[in-house]
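J.: Submitted below is the structure of interest, expressed as structure tokens.
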Amino acid sequence: MKYLFTVTLVAGFMISLTSCSKKEESSENSGSSRSGYASVSDFKLPETTIATPAPWAPAPFDSKSGEVKPNDLSTFMESLVASGIKSKKGEFETTADYNKRIANIDAVFAPIKGSEIYALTGGPQYFEYNADKQEFKALSGMLCMEGYKFSKSTVSCDAGTVEAAERNTTRESGMLKNVGTDYYLLFPTSRLKKYRQDPLYKFPETCPVPIEKAKDVSKNLRIAYAFRITKAEVATGDGRYVEPTSLLQYYDAVGIFVNPEYFICYDKMNGQVLYQKKL
């Protein structure tokens with residue numbers, strides 16, 4: 001009897017082990033795991049969304065808004081340069097077809113439009129306040145001269161210089177080293193006759209600001225020039241050379257054809273227009 005009980009107990013234990021083994025085998029075959037995933041192949045890392053930066057778009061100027069957001073000189077001009085390179089006359093393109101193609105400024109210079117007005121601010125600016133006249137006078141501004149570095153049929157106005165390291169594109173230099181770009185706004189002489197002070201052309205340079213406000217804006221006062229692009233063309237002018245070191249260094253000159261629209265005095269901190277004048 002004792003022997004029979006022992007055999008029965010051992011048999012029961014073996015059956016129990018076999019049952020557990022089959023359950024584990026069944027569990028493995030079904031792909032279940034303690035992690036809660038059906039199988040390793042079902043495990044997936046959480047999906048992450050990488051934000052795509054919005055494409056650059058120029059800021060147009062609305063003369064009725066009371067605000068201005070001048071475009072970055074390098075970004076704005078280099079966008080035009082890139083478009084100008086792409087839109088050059090093709091080897092197998094007739095002059096008539098070429099002229100027809102570039103007649104659409106919006107299509108050639110997109111996202112910059114010939115139908116919009118844009119504002120740019122040049123380099124460092126300095127002002128002096130006249131309390132009697134209650135106005136700031138700019139001690140620096142755009143240098144404008146007829147035919148300077150470009151065609152004699154235009155008035156070349158120096159919009160500013162950007163060093164090569166701060167430019168968002170590179171220029172093919174060959175044996176010379178391009179160290180930066182001088183950018184110009186090219187105005188038709190017929191539109192600037194009233195600003196001629198031979199041999200230069202002088203845009204307005206005073207910003208009327210009441211005394212009670214002058215102190216608050218004196219450090220943040222800036223001047224911007226607003227214009228409208230008139231040709232889907234980027235002009236190359238005479239570059240200037242820097243005293244050579246190991247290589248001959250130079251600044252190239254790039255100009256765009258525009259019509260004058262507004263002279264603007266503004267607070268750079270908030271973009272508030274303090275004074276504007278139609279050119």
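Please note that chains go A, B, ... in the order of the structure tokens, that every chain numbers its residues from 1, and that ligands are numbered from 1 in the order shown.
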Could you give me, as CSV, a per-residue list for segment 81-133 of chain A showing, wherever an atom lies at most 12 Å from an atom of segment 164-173 of chain A, the closest pair of atoms and their distance in Å to one decimal, using only C-alpha atoms and sorting by chain then residue number from low to high?
T.:
```
residue,atom,partner,partner_atom,distance
A:Val81,CA,A:Thr169,CA,9.5
A:Ala82,CA,A:Thr169,CA,8.7
A:Ile85,CA,A:Arg171,CA,11.4
```
J.: Sort by chain and increasing residue number a table of all residues of segment 190-233 of chain A within 10 Å of segment 125-128 of chain A, each with its closest pair of atoms and their distance in Å to one decimal, counting only C-alpha atoms, and write it as CSV.
T.:
```
residue,atom,partner,partner_atom,distance
A:Glu205,CA,A:Phe127,CA,9.5
A:Thr206,CA,A:Phe127,CA,9.0
A:Cys207,CA,A:Phe127,CA,9.4
A:Ser218,CA,A:Phe127,CA,8.0
A:Lys219,CA,A:Phe127,CA,9.2
A:Leu221,CA,A:Phe127,CA,8.2
A:Arg222,CA,A:Gln125,CA,6.9
A:Ile223,CA,A:Gln125,CA,7.8
```
J.: Create the file for the chosen residues now, containing C-alpha atoms and written as an mmCIF file, in the first residue's frame.
T.:
```cif
data_model
loop_
_atom_site.group_PDB
_atom_site.id
_atom_site.type_symbol
_atom_site.label_atom_id
_atom_site.label_comp_id
_atom_site.auth_asym_id
_atom_site.auth_seq_id
_atom_site.Cartn_x
_atom_site.Cartn_y
_atom_site.Cartn_z
ATOM 1 C CA GLU A 205 17.686 111.629 -43.746
ATOM 2 C CA THR A 206 15.628 113.175 -40.939
ATOM 3 C CA CYS A 207 13.160 111.455 -38.615
ATOM 4 C CA SER A 218 17.149 107.093 -29.428
ATOM 5 C CA LYS A 219 19.039 103.813 -28.959
ATOM 6 C CA LEU A 221 15.986 104.178 -33.942
ATOM 7 C CA ARG A 222 16.659 102.786 -37.412
ATOM 8 C CA ILE A 223 16.048 103.788 -41.022
#
```
J.: Go ahead and compute the interatomic distance for atom CA of Ala131 of chain A and atom CA of Gln272 of chain A, in Å to one decimal.
T.: 21.5 Å
J.: Among the residues of segment 54-268 of chain A, find those DSSP assigns to helix (DSSP H, G or I) from the backbone and print them as a count of residues only.
T.: 43
J.: Name the residues in contact with Glu116 of chain A at a cut-off of 7 Å, using only C-alpha atoms, excluding same-chain residues fewer than 2 positions from it; report them as a ChimeraX atom specification.
T.: /A:60,113-114,118,228
J.: Rank A:Lys69, A:Lys231, A:Lys64, A:Lys152 by their smallest atom-to-atom distance to Lys268 of chain A, using only C-alpha atoms, and report the top residue only.
T.: A:Lys69
J.: Might you pull out every residue within 12 Å of Glu67 of chain A, with only C-alpha atoms counted and same-chain residues fewer than 4 positions away left off, and present them as a PyMOL selection string?
T.: chain A and resi 59-63+119+224+264-276
J.: Per DSSP on the backbone, filter segment 115-229 of chain A down to the residues in strand (DSSP E) and report them as a count of residues only.
T.: 52
J.: With segment 248-259 of chain A as the partner and 9 Å as the cut-off, tabulate the residues of segment 105-165 of chain A that qualify, each row holding the nearest pair of atoms and their distance in Å to one decimal, using only C-alpha atoms, sorted by chain and rising number, as CSV.
T.:
```
residue,atom,partner,partner_atom,distance
A:Lys149,CA,A:Ala253,CA,7.7
A:Phe150,CA,A:Gly255,CA,8.1
A:Thr154,CA,A:Phe257,CA,8.6
A:Ser156,CA,A:Gly255,CA,8.0
A:Cys157,CA,A:Gly255,CA,9.0
A:Thr161,CA,A:Tyr251,CA,8.8
A:Glu163,CA,A:Tyr251,CA,8.5
A:Ala164,CA,A:Tyr251,CA,8.8
```
J.: Write the residues of the preceding selection, restricted to N, CA and C atoms, as a PDB file, in the first residue's frame.
T.:
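Heads up, here's the output in part16.pdb:
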```pdb
ATOM      1  N   LYS A 149      29.697 101.523 -60.265  1.00  0.00           N
ATOM      2  CA  LYS A 149      29.905 100.069 -60.337  1.00  0.00           C
ATOM      3  C   LYS A 149      28.948  99.349 -61.271  1.00  0.00           C
ATOM      4  N   PHE A 150      27.893 100.048 -61.712  1.00  0.00           N
ATOM      5  CA  PHE A 150      26.928  99.421 -62.594  1.00  0.00           C
ATOM      6  C   PHE A 150      26.658 100.349 -63.781  1.00  0.00           C
ATOM      7  N   THR A 154      21.489 103.827 -64.341  1.00  0.00           N
ATOM      8  CA  THR A 154      20.907 103.592 -63.023  1.00  0.00           C
ATOM      9  C   THR A 154      21.664 104.364 -61.948  1.00  0.00           C
ATOM     10  N   SER A 156      23.121 103.770 -58.410  1.00  0.00           N
ATOM     11  CA  SER A 156      23.510 102.646 -57.558  1.00  0.00           C
ATOM     12  C   SER A 156      23.550 103.094 -56.105  1.00  0.00           C
ATOM     13  N   CYS A 157      22.737 102.462 -55.264  1.00  0.00           N
ATOM     14  CA  CYS A 157      22.697 102.792 -53.842  1.00  0.00           C
ATOM     15  C   CYS A 157      23.217 101.605 -53.029  1.00  0.00           C
ATOM     16  N   THR A 161      26.973  95.541 -46.845  1.00  0.00           N
ATOM     17  CA  THR A 161      27.959  94.494 -47.134  1.00  0.00           C
ATOM     18  C   THR A 161      27.764  93.321 -46.195  1.00  0.00           C
ATOM     19  N   GLU A 163      29.743  89.739 -45.060  1.00  0.00           N
ATOM     20  CA  GLU A 163      30.960  88.940 -45.160  1.00  0.00           C
ATOM     21  C   GLU A 163      30.611  87.524 -45.633  1.00  0.00           C
ATOM     22  N   ALA A 164      31.555  86.891 -46.313  1.00  0.00           N
ATOM     23  CA  ALA A 164      31.317  85.557 -46.865  1.00  0.00           C
ATOM     24  C   ALA A 164      30.909  84.559 -45.781  1.00  0.00           C
TER      25      ALA A 164
END
```
